[in-house]
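Peer 1: Structure below; questions to follow.
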Amino acid sequence: VKISLGIMDKSLALRLDQKSSHYNSELYHRLAKLACDYVQNGLQTLNYFLPDFDAANDLANALAGLPAGTNSATFDKLDRTATRNYSHPCGATQIDVLATAISQILFGGETNRRVEPRHGNDTVKADAVNELLAWNDQQNDSYIDGFLYIKDSIIFNRGVQYDYWQDTYENEKVAVEYEIPPEQEIDPITKKPIPTDEEPEKVTRWKTVKKKVGGFTKITNISPYDFICDPTIPISRFQECRYAGHR
């Protein structure tokens with residue numbers, strides 16, 4: 001377990017920094033154990049719900065569970081229309097239709113996020129911010145990510161998106177100068193190169209390098225199967241959780 005020291009109280013950070021003379025190994029290991037227990041408890045709670053996730057996922061994809069002991073030989077002999085081997089596609093169709101309708105509303109416009117002017121003279125500023133938000137959405141797969149996010153919300157009752165800063169680069173040609181030494185004859189007796197007065201040939205080649213030119217807010221979907229949160233608080237009160245994360 002790694003403990004981040006960048007955003008905590010300075011005196012506490014010194015007590016947890018192994019390079020500091022104020023380092024307190026007992027406190028460090030107690031906090032590390034506490035963090036590890038939090039994550040393990042969250043994983044245990046998540047694993048408890050995974051069978052329900054599997055069942056919901058099967059329904060949403062018109063999949064049916066196979067009888068125990070099914071192998072490649074018996075699979076081809078299955079009666080696909082038997083009750084236990086058949087999953088009606090209507091459930092999957094309804095989920096896709098509903099997710100499409102919602103995602104069209106939330107993610108079908110020019111921008112998924114926008115601001116409104118708070119005062120009469122803020123219109124120009126709001127328009128500028130909305131242009132930036134629209135550009136940022138264009139850097140992401142906004143609609144498909146939004147559609148899948150809505151599907152996760154409908155199927156698993158939890159849609160999770162993670163945002164982080166993504167650098168952008170452009171290719172640039174950079175001149176690289178180097179020298180090609182002159183060819184030298186080999187002394188037949190000493191078997192060593194014979195010195196020459198010729199100057200080395202100077203050559204320039206062009207190398208392609210990536211240059212950082214900016215960045216944007218990248219938004220990525222996180223699978224509900226990988227989403228871990230505080231097990232002591234119901235998912236409906238997620239904002240009150242002590243921690244949340246993903247694998």
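The chains in the structure tokens are called A, B, ... from first to last as shown; in each chain the residues are counted from 1, and the ligands are counted from 1 in the order shown.
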From a DSSP calculation on the backbone, collect every residue of range 27-193 of chain A in helix (DSSP H, G or I) and output the set as a ChimeraX atom specification.
Peer 2: /A:27-60,72-75,83-85,90-107,120-139,142-156
Peer 1: List the spatial neighbours of range 113-122 of chain A as a ChimeraX atom specification - criterion: any atom at most 10 Å away, only C-alpha atoms, same-chain residues fewer than 3 positions off excluded.
Peer 2: /A:106-107,109-110,125-134,136-137
Peer 1: Any idea what's packed within 10 Å of Glu183 in chain A, counting only C-alpha atoms, ignoring anything in its chain fewer than 6 positions away? Could you give it as number ranges by chain?
Peer 2: A: 193-196, 198, 200
Peer 1: I'd like the neighbourhood of range 155-162 of chain A as a ChimeraX atom specification, where a residue qualifies if any of its atoms comes within 12 Å (using only C-alpha atoms), though same-chain residues fewer than 5 positions away should be ignored.
Peer 2: /A:46,49-61,91-92,94-96,98-99,142,145-150,217-229,234-236,238,244-247
Peer 1: As JSON, numbers by chain, list the residues of range 17-239 of chain A assigned to strand (DSSP E) by DSSP on the backbone atoms of this structure.
Peer 2: {"A": [160, 161, 162, 163, 164, 165, 166, 167, 168, 169, 170, 171, 172, 173, 174, 175, 176, 177, 178, 179, 180, 201, 202, 203, 204, 205, 206, 207, 208, 209, 210, 211, 212, 213, 214, 215, 216, 217, 218, 219, 220, 221, 222, 227, 228, 229]}
Peer 1: Go ahead and save the residues from that selection, with C-alpha atoms, as a tab-separated table (two decimals), in the first residue's frame.
Peer 2:
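Saved file again_17.tsv follows:
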```
chain	number	residue	atom	x	y	z
A	160	VAL	CA	-18.88	4.89	-13.09
A	161	GLN	CA	-16.73	7.32	-15.04
A	162	TYR	CA	-13.20	8.38	-14.16
A	163	ASP	CA	-11.67	11.62	-15.42
A	164	TYR	CA	-7.99	12.53	-15.55
A	165	TRP	CA	-5.66	14.85	-17.45
A	166	GLN	CA	-4.45	13.55	-20.81
A	167	ASP	CA	-1.49	15.25	-22.52
A	168	THR	CA	-1.64	15.84	-26.27
A	169	TYR	CA	1.39	15.69	-28.56
A	170	GLU	CA	2.38	16.71	-32.05
A	171	ASN	CA	5.17	15.27	-34.19
A	172	GLU	CA	8.07	17.60	-34.85
A	173	LYS	CA	11.17	17.22	-37.02
A	174	VAL	CA	14.43	17.90	-35.18
A	175	ALA	CA	17.80	18.23	-36.89
A	176	VAL	CA	20.48	15.86	-35.57
A	177	GLU	CA	24.05	16.44	-36.69
A	178	TYR	CA	26.66	13.71	-36.60
A	179	GLU	CA	29.98	12.88	-38.22
A	180	ILE	CA	30.98	10.00	-40.47
A	201	GLU	CA	32.05	14.14	-43.09
A	202	LYS	CA	29.36	16.16	-41.30
A	203	VAL	CA	25.86	14.90	-41.94
A	204	THR	CA	22.44	16.12	-40.82
A	205	ARG	CA	19.49	13.83	-40.41
A	206	TRP	CA	15.97	14.61	-39.26
A	207	LYS	CA	14.48	12.80	-36.30
A	208	THR	CA	10.76	12.74	-35.52
A	209	VAL	CA	10.03	13.58	-31.88
A	210	LYS	CA	6.80	14.04	-29.97
A	211	LYS	CA	6.30	17.50	-28.50
A	212	LYS	CA	3.75	18.17	-25.77
A	213	VAL	CA	1.41	20.89	-26.99
A	214	GLY	CA	-1.46	20.80	-24.49
A	215	GLY	CA	-4.01	18.47	-23.00
A	216	PHE	CA	-7.62	17.82	-22.11
A	217	THR	CA	-9.78	16.07	-19.54
A	218	LYS	CA	-10.01	12.42	-20.53
A	219	ILE	CA	-13.13	10.56	-19.40
A	220	THR	CA	-13.02	6.77	-19.12
A	221	ASN	CA	-15.70	4.27	-18.13
A	222	ILE	CA	-14.93	1.99	-15.21
A	227	PHE	CA	-15.63	-0.40	-8.77
A	228	ILE	CA	-14.83	-0.54	-5.05
A	229	CYS	CA	-16.43	1.72	-2.46
```
